[in-house]
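**Q** Please find one structure pasted underneath; my questions will follow.
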Amino acid sequence: MKVTKPYGLRLLALLAVFAIIVAACSDSSTDDSTATTGADGGPSTTAGETPGTTGEGGGGEGGEGGTLETYNLGIFEDVTTDNPWSYLDSSGSDVWVGYVLGPTLGAPYTIGYPGLEVIPDMAAGDLEPVVQEGENWVGTITLRDDLTWSDGEPITAQDYVFTWTTARDFGLTANWPDYVDAGTEEAPGPVTAVEAVDDHTVKFTFNAEPGLAVWGLGNGPPLMPILPEHFWGPVVEEAAATDTPRDTLIAASGVGQPSAGVTVFGEIQEGSFAASAANANYFDTGREITSGDVTYPVGPFAANFNYPLYGGQEAAVLALADGEVDLLLNPLGMQRGLRDQVEGNENLTAVVNPTNGYRFLAFNHSRAPMSDPAFRDALTAMINKEYVTENLLQGAAFPLYVLLPEGNEAWYDADVAAELAEQGYAGLDDDTRRATAISILTEAGYTWPEGAAPGWYDADGNYSPEPADGFSYTAAGGDIIGPDGNPIETLELIHPNAGYDPLRATFGGYIAGVAREIGIPISSVPTDFGKIIDIVFEFDEETASYTSPFDMFILGYSLGNPTFPTFHRSFFATGGDSNNTQYSNAEFDDLANQFDAAASAEEAKEIMWQLERLIATDKPHVPLFDTGILEFYSNNVQFPFTETLSGLQNIYGSPGTVTSK
Amino acid sequence: MLRFIGRRLVQMFILFILFLSIVWLLLQLMPGDITDTLIGDPNIPLATRLELAERLGLDQPLYVQYWTYITNFFQGEMGVSFSRYPQEVSAVLWEAIPRTIVLVLTGTLLAYWMGFKSGKLIAWGRGGKTEQTFIVGGIFLQTVFYPWFAIVMLWLFGFYFGWFPIGRFIDVNLWQGSGFDATDVFQQLILTSFIAVMVYVGAKVLIKRTAGNLIVQQRLQRIAALLVFAGLVAYWYFNPAREYVWDIVWHTILPVVTLGLVTFGAVMLITRTSMLETLGEDYIMTARAKGLPKRVIRDRHAARNALLPVVTSFVLAMGTVIGGAIITEQIFSWPGMGSLFLQGIVVSDIPLVAGALAITGVLTLFAHLVVDILYTILDPRIRVT
Amino acid sequence: MATKETMPGLEVEEVEVLDSEAEATAVLEELTGGHDVRAEPLWRIRLRLFRRSFAKNWGLFKESKMGLVGLAIIILFGLMAVAHPILMSTVWDPAIYDPVSGYDAVFNEYTIVEDGAVTDPTAEISLSDAKFELNPNVDVGEVVRIPVQPAPPTLGGEEGHAHLLGTDPQGRDIFSQLLYGARAAFLLGFVAAFTTVFIATTVGSVAAYYGGKLDGFLMRTADLILLMPLLPLLIVLSAAIQINMVMLGIMIGILGGFGGDAIILKSQALSIKVKAYIDAARVAGGGDGHIIFRHIVPNVVPLSLLYMMFGVTTAIALEATLSFLGLLNIQMSWGIMINTASTQGYLLSGTSYWWLLFPAGLAVSFLAFGFFVVGRGMDEVINPRLRAR
C-alpha cells in the first residue's frame, strides 16, 4: 500500500504499513554494490583491502570522490531486529531493518541498479538454464572461489544449503517461501532438493520446469541471501531442539554475525540509532559494475555507517542542514514542502525519482453495475486525470494510465503505454468525455428518467447526445437506470480522508462529482485508512476468500520485485493473493499462467503487456495517479547515480558506492 | 490510617481491573490487526498472513484473548508485542519508561519549582505591571497550541540559533562503539539523581529541626542544595561515562524546557490563586497584626498552606506522563513511552498500547493514593472516617 | 412554592400566580426596598432578577481587564465565524474561496531545459525542477504548465483574486479557511461545553442529593473516568472509530464532565443540599426531581459555567492536537490547516511560509486564551477572595 505525504501519526501508520511492504517488495537480498560485471569480471582485486586506506584509489576510479569516516543515514523508526532470518520473515520484515541489514547480505545473484537487471554477485557467471534429467529438471549455481565472510572464513556452497534447508525446515514465511520454492508438504515443488556438489557448486532439483519467476528474474533460489553456517549453525541446532524452533530462531541475537555484504552489522541502541562498520574483507571491493548506462566501482569508501533515528521529517531535515546526517532514508520519500528549505541551502541536494507503485480506483466485480465493463468504461471516460492532478492537486501528483511504473525502464514500453493511455481516455476535453460516456452507457442499455438525460439541449429543449452549435450541456436530472430497467441505487466510493491523504481524498470527491453529472449516483465517503483496509480486505477463513463488502474504493499499491513484475496475477487472477475485488476473467488467468511459464524475458514482457492491455480494456482497476519519491542528501557525500526506481532508499542509501565530495 | 490506605487500595485494585478491561475492549474496536499491514503486498502470500495471525493468538475467541490477557497481566506478563515480535511488551516498555520519566519528571519538577516561587511572589506583591506580565505570560503558556509551540522552540533554538541538538536523546557518532549502553547509563543517571534528591530532602528536614530562624534555615538550605548538586556533578565528573552522561543531559535540555515552560504557566497561576485564598485567612491577619516579618508570613504561614493544591496538581500531573509526553516525544524524536504508544496505535499493536496505557493507569492510581494520604496528613480539616 | 394539593378549592392558575407573587415579593422587597411589583407577571420578575444579578456580576467581571480582553477576543472570533457564510454567499466565488474544495489555479508555462541551461527563468525550467514540480518522468524539450502554490498574500488586482492570507499548497484561500475554522471551533467548543455542564451538574446534583449507593456508584465511575488519560484515550478512540467535530465535542464533554467537574460540582451541591430552603421545599412536598432541578441545579450552574469555559479551552486544544496528528475525520478546521501545512512539509520552514502556520496556530492559541481568561474573570466573580483588594 502506498500513499503520500502523511504526517505524525498517519505518517507513522503509513511508514509501518509501507515499511513492511517495501521491505518485502524491494528484493531484500540484494545490494546494488555487490554485483559484478559478469562472468568475465572474475576475481580482480584482493579481498583484504581495507576501506579508508584504499579509498583514495577506489574513489579515484569512480571520479572525484574520496573516503568518508562515517556515513550517516537518518531513519524514522526503530530497527527492531538484528536477525536476518527474522528480517526476511514476516516477523521482522520491515524496511527500517532492511536499511541496516540489507547491505550485510549477499546472494548468488542480485539486482543491479539503476538498470534493474539480474546480475551475478557471488555466482561465477550468468545463470545457466535448467536441464531436463528424466522426470526432473536440474539447475546449477557455481559460486566464485574468492568469497569470504567478513571474519575471513570462506563462503561455500554448504552455507547456501544450510540457509535453504533451515528456511524450509523451520517454515519461515514472507520472503523465504519465494527463495526456497519448495511448496508445501501436500504439493511439493518446484524445488525438491538442494545439495552442495562441492564447495562452490549448488545443485537444484525441480519436479517441474521452473519459469522465470523461480529461475531467472523473480525472487527465486538464485536470489536467496546466504547466511553463515559457522555462526548460525549452533543457534539453529539449539532452536531445533525447542518446542518453538521458528520463534526461537528469529528471536536469536545477531550481534557478531559475519557479513557477506558491504557493511558489517554493529549494534542497535533502541530508540536512538543503529550502527554498522565497513566490511574489510568484502569480496567485491574494487569491482567495477555496469548497470543501465552507469559504470561505477564498489567500495565501501566509508569506514562507519550510522543510522540515527528521527521522530519527524522536519527535525531530520534540520539535522541534514546542520551536517548531522548525510542522507534521509524513508520509503515514502520526503514531504514536498521541505524541498524549499533544501533548495535554499547550497549544501543540500534534492532528487526526485519515480516510484514502483500506483494509486487506483477499484470496483467490486460481484455487484452490478460495477460488474459491467461498459459501466466501468463510461466512468473512466468521465475522469479527467490531468485536470485533477494539475488543477486540484496543484501538480502534487501525475496521472497514470497503465499499472507498470514508467520508472521500471526494463519492462516499460512507451509505445504500448501511449496506446493504452488513449484507451484510458487521456487528454480529452470535458465535452468529449461527456459525449463518450453518454454514448457508451446508451449503447450498453442504460437509460435516464424521461427528460433527465445528460447531454446538450438548445433553447427549445431539443436534445443532442453530442456537443453541437446552439446546444449547451446540461447534467443528468435524475439517477441512471440500469439495462434491466431498475434504477441504480446510490453507490459508495470509500477513500482515505483528507487528513490521511489529501490526494486520494480529492480524487474521491472529484469522481463522485463527475459521476453524478451523467446520472451515476456515487457518494464519496472519506474513511479512516485502517477502516478501509479492514473493509476491502475482509477475509472469510471458512471459504478462504475475500468477502468484498464494498462498491468502490481508492487505494494505492506498491509493486514487488521490479525485475519480474508478478503483481498482475496477485491483483486480478482468480484466487490471486490480493484479488479482493472478485474480478475473474478466464482470458486473464490464462495469460497470467503463460506469463509465469515464460522462458525468456522478452516473452514475459510481451505477455505482461498483453495483461496490461486487458486491464486497460476491461478496467478492473482504473489507475489514477502516482507521485515521485523525493529525497534529500548532503553535499558532503556523492553517489555514482541518483536516478533509480523508488530512489536511493530502495538501495539502502547506496552504502557500497557513496564517497565524499 | 492503615485501614484507610488498605480500603483505598482495594478500591483502587477494582478500579484498575475495570480500567484495564475498558482499555482492552476499546483496543479491540480498532480496525484491523497487525496482519493487515501485510495485506496488499503481492509478495506476501495469504497463507503467511493467516499463519501469523494464528501465531499471535488472533484467531482465538475474544473472551479467551481477554481472560488470557488479564490473568497474564497480574503475573507481570503483558504479552508479546505484535510489531516487535517476538519481543515482550514488558521488555519494550521497560526500556522506554525511564526515558519518559526523566523527561517528564525533570520538566515537571523544574516547572513546579519555578512556578511555585514566581506564583508566590506575584501573589504577595499584587498589582503592578510585573504581575500582569506574569499572568498574561502564564496564561499564554498554558493555552498556547502545544505542538506548534514545541516546533517553534525546536526551530528557534535547535536550528536558527543552533544552541541545542535537534531532537533525539544521544549523539550517535559519540556513542557508536563506546561500549556503553545508553539505557544503562540512563538508569544510573536516574539512580544517582534520585539519591541526590533524597540526601537533599534529608538535609532539609535536619536543618528545619535544628535551626530556628527562618532566614538562617533558608540560607542553610541553599548551601545544602549547592553541596548536593556539587557532589552529583563531581561523581559524574570522575565517572568513566562522563562525556556520555553529559551528552544525554545536553540532549535533554530543550525538550525538558519546552515541556516545563507549558507546565510552568499553569503552576504559577494555581499557586497565585491558592496563595491569594490563603492570604485572606484570619490567621494571616493575625500574623500581620503580630508584626511578624513579611517574609516569614509569606514563606512560613501563607506559602505552606498554599502548597496543598499545588502538591495535588503535581502528583496528579505525574499520573499523566504518557499524555504529556506524546507530543514532546514526537517532535523531539525522544524514544519514550509516548512514541511507543503512537507507533503501537498505528500498527494496531494492541498488547503494546494496552501495556503503555496500563502503566499510565498504575501511575495515575498511585498518584491518587498519594494525594489522598497527603491530604489527610496535611489538611486537618479532612478526617478519615 | 405551593402546589395544587396543599391549596384545594382554588383555580390552579390563580394559586400559582398569587403564590408566586407573594414569594417573589418577599424576595423583591428585600432587594428593591419595597418597590411595587405586584402587577408584573412572573417571567418579568424573573427577568428583572436575572438582570439585576447579571448587572452586579457584570460589574464585578468588568473589573477584570483580562476578562474583558478575553471577551473581546471571543467576540472577534465570533464575528469571523458569522462573517464566513455571509462572505461566501456575497463576495466570494465558492469555486475559488470554498475552504475545502475551492482553489485558485495560477499557472506559469515553461519549456524544460537541461539543468544549468536556464537562461530565461520566466519561460524555462531546469529538468530537475520540472521533475520535482510535475512528474519524475518528464523530459527536456517538453512544454509544461506549473502551478504556483502555496502563494503569499495578495490583494488581487487586474487578473488575480485577493488572498489576504495567501493560499495553501492546494491553492485554497487561507483567510477563508481561517474564518471557517472559527465556526468549527465554536461548534466544537459549544458542544463540548454544554455536554460538560449538562453531565457535570446532573451527576453532581444527583449524587449529592441522593447520597448512599448511587452517590458511591457515580463517584467511583467519576474516579474511573478521571483515571483515563484524556489525550491517549482520544487517540485510541479516533483510531477505533471515525470521529467528527460533534462527536469529539460530546466525548470531551463526557470525559470532562463526568470526571473531575462532577466531583467538584457534587461538593458544591452538597453545600446547597443542607440549606434551609431545601428542607422547606421538601416539607412543602417537593418531589426529588423538582428539588434537584429547581433548587440544586440552578445554584450549581454558575460554578459549572466556569468549568465550561475551561472546558472550551481544552476542547479547542485537543481538536487541534488530534487534527495535527491527522486523526480526525473532518473537512476543515484550524487543526486541519496545520496538518495540511505539516503533511506537505512546511512545518519548520521558519518564517518563509508564515501564512501556512501562524494564522491557524495563533488562532488556536488565542481563542483558547480568550475562553481561559473569561473563565478566570468569572472565577473572580464567584470567588471573592481572588478580587483585587
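Residues in the C-alpha cells are numbered from 1 in each chain, the chains being A, B, ... in the order shown, and ligands are numbered from 1 in the order shown.
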Kindly determine which residues of chain C lie within 9 Å of chain A, considering only C-alpha atoms, and give the answer as a ChimeraX atom specification.

**A** /C:101-106,128,131-137,145-149,169-171,239-242,323-331,336,339-349

**Q** Produce a file of the selected residues containing N, CA and C atoms, as a short mmCIF file (atom, residue, chain, number, x, y, z; two decimals), in the first residue's frame.

**A**
```cif
data_model
loop_
_atom_site.label_atom_id
_atom_site.label_comp_id
_atom_site.auth_asym_id
_atom_site.auth_seq_id
_atom_site.Cartn_x
_atom_site.Cartn_y
_atom_site.Cartn_z
N SER C 101 -13.06 22.84 -0.99
CA SER C 101 -12.95 22.40 -2.37
C SER C 101 -12.58 23.52 -3.34
N GLY C 102 -12.56 24.77 -2.85
CA GLY C 102 -12.18 25.85 -3.75
C GLY C 102 -10.69 25.86 -4.02
N TYR C 103 -10.29 26.47 -5.13
CA TYR C 103 -8.85 26.61 -5.36
C TYR C 103 -8.66 27.70 -6.40
N ASP C 104 -7.54 28.32 -6.32
CA ASP C 104 -7.22 29.36 -7.29
C ASP C 104 -6.03 28.86 -8.09
N ALA C 105 -6.30 28.43 -9.30
CA ALA C 105 -5.21 27.86 -10.11
C ALA C 105 -4.46 28.97 -10.83
N VAL C 106 -3.20 29.09 -10.54
CA VAL C 106 -2.35 30.05 -11.24
C VAL C 106 -1.21 29.25 -11.85
N SER C 128 15.55 19.09 -13.50
CA SER C 128 15.36 18.56 -12.14
C SER C 128 14.22 19.29 -11.44
N LYS C 131 11.00 17.90 -12.83
CA LYS C 131 10.74 16.56 -12.29
C LYS C 131 10.10 16.66 -10.93
N PHE C 132 10.60 17.58 -10.16
CA PHE C 132 10.02 17.75 -8.84
C PHE C 132 8.62 18.32 -8.92
N GLU C 133 8.48 19.38 -9.71
CA GLU C 133 7.20 20.09 -9.73
C GLU C 133 6.08 19.24 -10.33
N LEU C 134 6.41 18.43 -11.31
CA LEU C 134 5.35 17.73 -12.02
C LEU C 134 5.41 16.23 -11.91
N ASN C 135 6.50 15.65 -12.40
CA ASN C 135 6.45 14.23 -12.70
C ASN C 135 7.88 13.79 -12.95
N PRO C 136 8.35 12.76 -12.27
CA PRO C 136 9.73 12.34 -12.47
C PRO C 136 10.00 11.79 -13.87
N ASN C 137 8.96 11.66 -14.68
CA ASN C 137 9.18 11.06 -16.00
C ASN C 137 9.25 12.09 -17.12
N ARG C 145 2.99 23.19 -17.80
CA ARG C 145 2.34 24.24 -17.02
C ARG C 145 2.54 23.91 -15.55
N ILE C 146 3.13 24.85 -14.83
CA ILE C 146 3.44 24.55 -13.45
C ILE C 146 2.65 25.47 -12.53
N PRO C 147 1.91 24.87 -11.60
CA PRO C 147 1.10 25.68 -10.70
C PRO C 147 1.96 26.43 -9.68
N VAL C 148 1.50 27.59 -9.29
CA VAL C 148 2.24 28.40 -8.32
C VAL C 148 1.50 28.34 -6.99
N GLN C 149 1.88 27.42 -6.13
CA GLN C 149 1.25 27.30 -4.82
C GLN C 149 2.25 26.72 -3.85
N PRO C 169 -0.97 24.85 0.08
CA PRO C 169 -0.32 24.12 -1.02
C PRO C 169 -1.30 23.63 -2.08
N GLN C 170 -2.58 23.56 -1.76
CA GLN C 170 -3.55 23.14 -2.75
C GLN C 170 -4.27 24.32 -3.38
N GLY C 171 -3.78 25.52 -3.15
CA GLY C 171 -4.35 26.70 -3.78
C GLY C 171 -5.61 27.21 -3.12
N ALA C 239 -8.59 6.15 16.56
CA ALA C 239 -8.10 5.07 15.71
C ALA C 239 -9.17 4.00 15.54
N ALA C 240 -10.07 3.91 16.54
CA ALA C 240 -11.07 2.86 16.51
C ALA C 240 -12.31 3.26 15.72
N ILE C 241 -12.76 4.49 15.92
CA ILE C 241 -13.97 4.91 15.21
C ILE C 241 -13.70 6.24 14.52
N GLN C 242 -14.56 6.56 13.56
CA GLN C 242 -14.38 7.81 12.84
C GLN C 242 -15.01 8.93 13.64
N SER C 323 -6.08 16.76 15.20
CA SER C 323 -6.01 17.06 13.77
C SER C 323 -4.57 17.16 13.31
N PHE C 324 -3.74 17.74 14.17
CA PHE C 324 -2.32 17.85 13.85
C PHE C 324 -1.74 16.45 13.61
N LEU C 325 -2.19 15.50 14.39
CA LEU C 325 -1.72 14.12 14.20
C LEU C 325 -2.48 13.43 13.06
N GLY C 326 -3.44 14.16 12.46
CA GLY C 326 -4.17 13.61 11.31
C GLY C 326 -5.16 12.53 11.67
N LEU C 327 -5.77 12.64 12.86
CA LEU C 327 -6.61 11.53 13.33
C LEU C 327 -8.10 11.74 13.15
N LEU C 328 -8.52 12.96 12.88
CA LEU C 328 -9.96 13.21 12.86
C LEU C 328 -10.51 13.19 11.45
N ASN C 329 -11.76 12.80 11.36
CA ASN C 329 -12.39 12.73 10.05
C ASN C 329 -13.21 13.99 9.81
N ILE C 330 -12.55 15.12 9.73
CA ILE C 330 -13.28 16.36 9.47
C ILE C 330 -12.66 17.06 8.27
N GLN C 331 -13.48 17.90 7.64
CA GLN C 331 -13.05 18.52 6.38
C GLN C 331 -12.09 19.68 6.61
N ILE C 336 -6.75 21.12 11.07
CA ILE C 336 -6.53 20.56 9.73
C ILE C 336 -5.62 21.48 8.92
N ASN C 339 -2.30 20.68 9.97
CA ASN C 339 -2.00 19.35 9.45
C ASN C 339 -1.64 19.41 7.96
N THR C 340 -2.40 20.21 7.20
CA THR C 340 -2.10 20.35 5.77
C THR C 340 -0.69 20.89 5.58
N ALA C 341 -0.38 21.95 6.33
CA ALA C 341 0.97 22.52 6.22
C ALA C 341 2.02 21.49 6.58
N SER C 342 1.72 20.69 7.62
CA SER C 342 2.74 19.75 8.07
C SER C 342 2.83 18.54 7.15
N THR C 343 1.69 18.08 6.62
CA THR C 343 1.79 16.92 5.73
C THR C 343 2.52 17.28 4.45
N GLN C 344 2.52 18.55 4.10
CA GLN C 344 3.24 18.94 2.90
C GLN C 344 4.66 19.40 3.23
N GLY C 345 5.00 19.35 4.51
CA GLY C 345 6.38 19.64 4.89
C GLY C 345 6.72 21.11 5.08
N TYR C 346 5.73 21.93 5.42
CA TYR C 346 6.04 23.36 5.60
C TYR C 346 6.15 23.73 7.08
N LEU C 347 6.21 22.71 7.93
CA LEU C 347 6.09 22.99 9.35
C LEU C 347 7.31 23.71 9.92
N LEU C 348 8.48 23.37 9.48
CA LEU C 348 9.67 24.02 10.03
C LEU C 348 10.31 24.94 9.01
N SER C 349 9.49 25.48 8.12
CA SER C 349 10.06 26.38 7.13
C SER C 349 10.34 27.74 7.75
#
```

**Q** If you count only C-alpha atoms, which residues fall within 8 Å of Met275 of chain B, apart from same-chain ones fewer than 5 positions away, as a PyMOL selection string?

**A** chain B and resi 119-120+123-124+302-303+305-306

**Q** Restricting the output to C-alpha atoms, write the selected residues as a CSV table (one decimal), in the first residue's frame.

**A**
```csv
chain,number,residue,atom,x,y,z
B,119,GLY,CA,3.4,32.3,41.8
B,120,LYS,CA,4.1,33.0,45.5
B,123,ALA,CA,0.5,36.8,44.7
B,124,TRP,CA,2.3,38.5,47.5
B,302,ALA,CA,0.9,31.6,53.7
B,303,ALA,CA,3.0,29.6,51.2
B,305,ASN,CA,-0.8,26.2,53.1
B,306,ALA,CA,-1.0,27.4,49.6
```

**Q** For Asn72 of chain A, which residue among A:Thr617, A:Asn347, A:Asn306, A:Gln582 is the nearest when counting only C-alpha atoms?

**A**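 Of the candidates, the smallest distance to Asn72 of chain A is held by A:Asn306.
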
**Q** What gap, in Å, lies between atom CA of Gln142 of chain B and atom CA of Lys129 of chain B?

**A**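 Separation between atom CA of Gln142 of chain B and atom CA of Lys129 of chain B: 19.7 Å.
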
**Q** Within 12 Å of Lys294 of chain B, counting only C-alpha atoms, which residues show up once you throw out same-chain ones fewer than 3 positions away? Write them as a PDB file with N, CA and C atoms, in the first residue's frame, please.

**A**
```pdb
ATOM      1  N   LEU B 121       5.482  34.867  44.682  1.00  0.00           N
ATOM      2  CA  LEU B 121       5.922  36.261  44.653  1.00  0.00           C
ATOM      3  C   LEU B 121       4.870  37.183  44.055  1.00  0.00           C
ATOM      4  N   TRP B 124       1.970  37.700  46.376  1.00  0.00           N
ATOM      5  CA  TRP B 124       2.341  38.539  47.521  1.00  0.00           C
ATOM      6  C   TRP B 124       2.379  40.002  47.105  1.00  0.00           C
ATOM      7  N   GLY B 125       3.033  40.280  46.021  1.00  0.00           N
ATOM      8  CA  GLY B 125       3.113  41.661  45.578  1.00  0.00           C
ATOM      9  C   GLY B 125       2.065  41.934  44.519  1.00  0.00           C
ATOM     10  N   LEU B 214      14.042  31.424  60.456  1.00  0.00           N
ATOM     11  CA  LEU B 214      13.677  31.109  59.066  1.00  0.00           C
ATOM     12  C   LEU B 214      14.741  31.554  58.085  1.00  0.00           C
ATOM     13  N   ILE B 215      15.289  32.755  58.314  1.00  0.00           N
ATOM     14  CA  ILE B 215      16.291  33.287  57.388  1.00  0.00           C
ATOM     15  C   ILE B 215      17.506  32.355  57.362  1.00  0.00           C
ATOM     16  N   LEU B 279      -4.049  34.054  51.794  1.00  0.00           N
ATOM     17  CA  LEU B 279      -3.759  35.366  52.359  1.00  0.00           C
ATOM     18  C   LEU B 279      -5.004  36.016  52.947  1.00  0.00           C
ATOM     19  N   ILE B 284      -3.578  34.760  58.862  1.00  0.00           N
ATOM     20  CA  ILE B 284      -2.588  35.630  58.233  1.00  0.00           C
ATOM     21  C   ILE B 284      -2.751  37.045  58.788  1.00  0.00           C
ATOM     22  N   MET B 285      -4.024  37.420  58.936  1.00  0.00           N
ATOM     23  CA  MET B 285      -4.300  38.728  59.535  1.00  0.00           C
ATOM     24  C   MET B 285      -3.669  38.809  60.917  1.00  0.00           C
ATOM     25  N   ALA B 287      -1.191  37.111  62.031  1.00  0.00           N
ATOM     26  CA  ALA B 287       0.264  37.163  61.934  1.00  0.00           C
ATOM     27  C   ALA B 287       0.725  38.573  61.585  1.00  0.00           C
ATOM     28  N   ARG B 288      -0.009  39.197  60.659  1.00  0.00           N
ATOM     29  CA  ARG B 288       0.337  40.568  60.295  1.00  0.00           C
ATOM     30  C   ARG B 288       0.217  41.474  61.522  1.00  0.00           C
ATOM     31  N   ALA B 289      -0.907  41.251  62.220  1.00  0.00           N
ATOM     32  CA  ALA B 289      -1.156  42.105  63.373  1.00  0.00           C
ATOM     33  C   ALA B 289      -0.063  41.958  64.421  1.00  0.00           C
ATOM     34  N   LYS B 290       0.455  40.715  64.498  1.00  0.00           N
ATOM     35  CA  LYS B 290       1.520  40.481  65.484  1.00  0.00           C
ATOM     36  C   LYS B 290       2.805  41.174  65.078  1.00  0.00           C
ATOM     37  N   GLY B 291       2.855  41.616  63.842  1.00  0.00           N
ATOM     38  CA  GLY B 291       4.040  42.329  63.382  1.00  0.00           C
ATOM     39  C   GLY B 291       5.173  41.426  62.954  1.00  0.00           C
ATOM     40  N   ILE B 297       5.849  35.677  57.163  1.00  0.00           N
ATOM     41  CA  ILE B 297       4.425  35.444  56.896  1.00  0.00           C
ATOM     42  C   ILE B 297       4.263  34.778  55.539  1.00  0.00           C
ATOM     43  N   ARG B 298       4.972  35.330  54.565  1.00  0.00           N
ATOM     44  CA  ARG B 298       4.807  34.838  53.199  1.00  0.00           C
ATOM     45  C   ARG B 298       5.260  33.380  53.084  1.00  0.00           C
ATOM     46  N   ASP B 299       6.485  33.140  53.537  1.00  0.00           N
ATOM     47  CA  ASP B 299       7.057  31.817  53.286  1.00  0.00           C
ATOM     48  C   ASP B 299       6.598  30.771  54.280  1.00  0.00           C
ATOM     49  N   ARG B 300       6.382  31.187  55.515  1.00  0.00           N
ATOM     50  CA  ARG B 300       6.060  30.169  56.504  1.00  0.00           C
ATOM     51  C   ARG B 300       4.559  30.008  56.695  1.00  0.00           C
ATOM     52  N   HIS B 301       3.858  31.119  56.808  1.00  0.00           N
ATOM     53  CA  HIS B 301       2.430  30.992  57.094  1.00  0.00           C
ATOM     54  C   HIS B 301       1.594  30.771  55.833  1.00  0.00           C
ATOM     55  N   ALA B 302       1.818  31.624  54.872  1.00  0.00           N
ATOM     56  CA  ALA B 302       0.939  31.574  53.701  1.00  0.00           C
ATOM     57  C   ALA B 302       1.343  30.476  52.720  1.00  0.00           C
ATOM     58  N   ALA B 303       2.605  30.493  52.322  1.00  0.00           N
ATOM     59  CA  ALA B 303       3.034  29.605  51.248  1.00  0.00           C
ATOM     60  C   ALA B 303       2.824  28.143  51.598  1.00  0.00           C
TER      61      ALA B 303
END
```

**Q** For Pro234 of chain A, which residue among A:Gly74, A:Pro565, A:Ala167, A:Phe162 is the nearest when counting only C-alpha atoms?

**A**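 Using only C-alpha atoms, Pro234 of chain A sits closest to A:Phe162.
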
**Q** List as an MDAnalysis selection string the protein and nucleic acid residues near Val201 of chain B, meaning an atom at most 10 Å away when only C-alpha atoms are counted, but skip any in the same chain fewer than 5 places from it.

**A** chainID B and resid 195:196 206:207 221 224:225

**Q** Considering only C-alpha atoms, state which residue in the set B:Tyr235, B:Phe314, B:Tyr244, B:Trp175 is at the smallest distance from chain A.

**A**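 The closest residue to chain A is B:Trp175.
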
**Q** Leu403 of chain A: which residues within 10 Å, counting only C-alpha atoms, same-chain residues fewer than 2 positions away excluded, as a list of chain:residue names?

**A**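 Using only C-alpha atoms, the neighbours found are A:Asn356, A:Gly357, A:Tyr358, A:Arg359, A:Phe360, A:Leu400, A:Tyr401, A:Pro405, A:Glu406, A:Ala417, A:Tyr557, A:Leu559, A:Phe567, A:His568, A:Glu612, A:Ile615, A:Ala616, A:His621, A:Val622, A:Pro623, A:Leu624, A:Phe625.
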
**Q** Enter the distance from atom CA of Thr110 of chain A to atom CA of Val214 of chain A, in Å, rounded to one decimal.

**A** 13.7 Å

**Q** Do you know which residues are at most 7 Å from Ala274 of chain A counting only C-alpha atoms, after dropping those on the same chain fewer than 2 positions away, and could you put them as a list in words?

**A** Glu267, Ile268, Gln269, Asn306, Tyr307 and Pro308 of chain A

**Q** Let me see the file: selected residues, C-alpha atoms, as a PDB file, in the first residue's frame.

**A**
```pdb
ATOM      1  CA  GLU A 267      24.809  -2.542  17.215  1.00  0.00           C
ATOM      2  CA  ILE A 268      21.327  -1.238  17.791  1.00  0.00           C
ATOM      3  CA  GLN A 269      20.603   1.247  20.540  1.00  0.00           C
ATOM      4  CA  ASN A 306      25.414   5.154  11.382  1.00  0.00           C
ATOM      5  CA  TYR A 307      21.647   5.142  11.303  1.00  0.00           C
ATOM      6  CA  PRO A 308      20.372   7.845  13.670  1.00  0.00           C
TER       7      PRO A 308
END
```
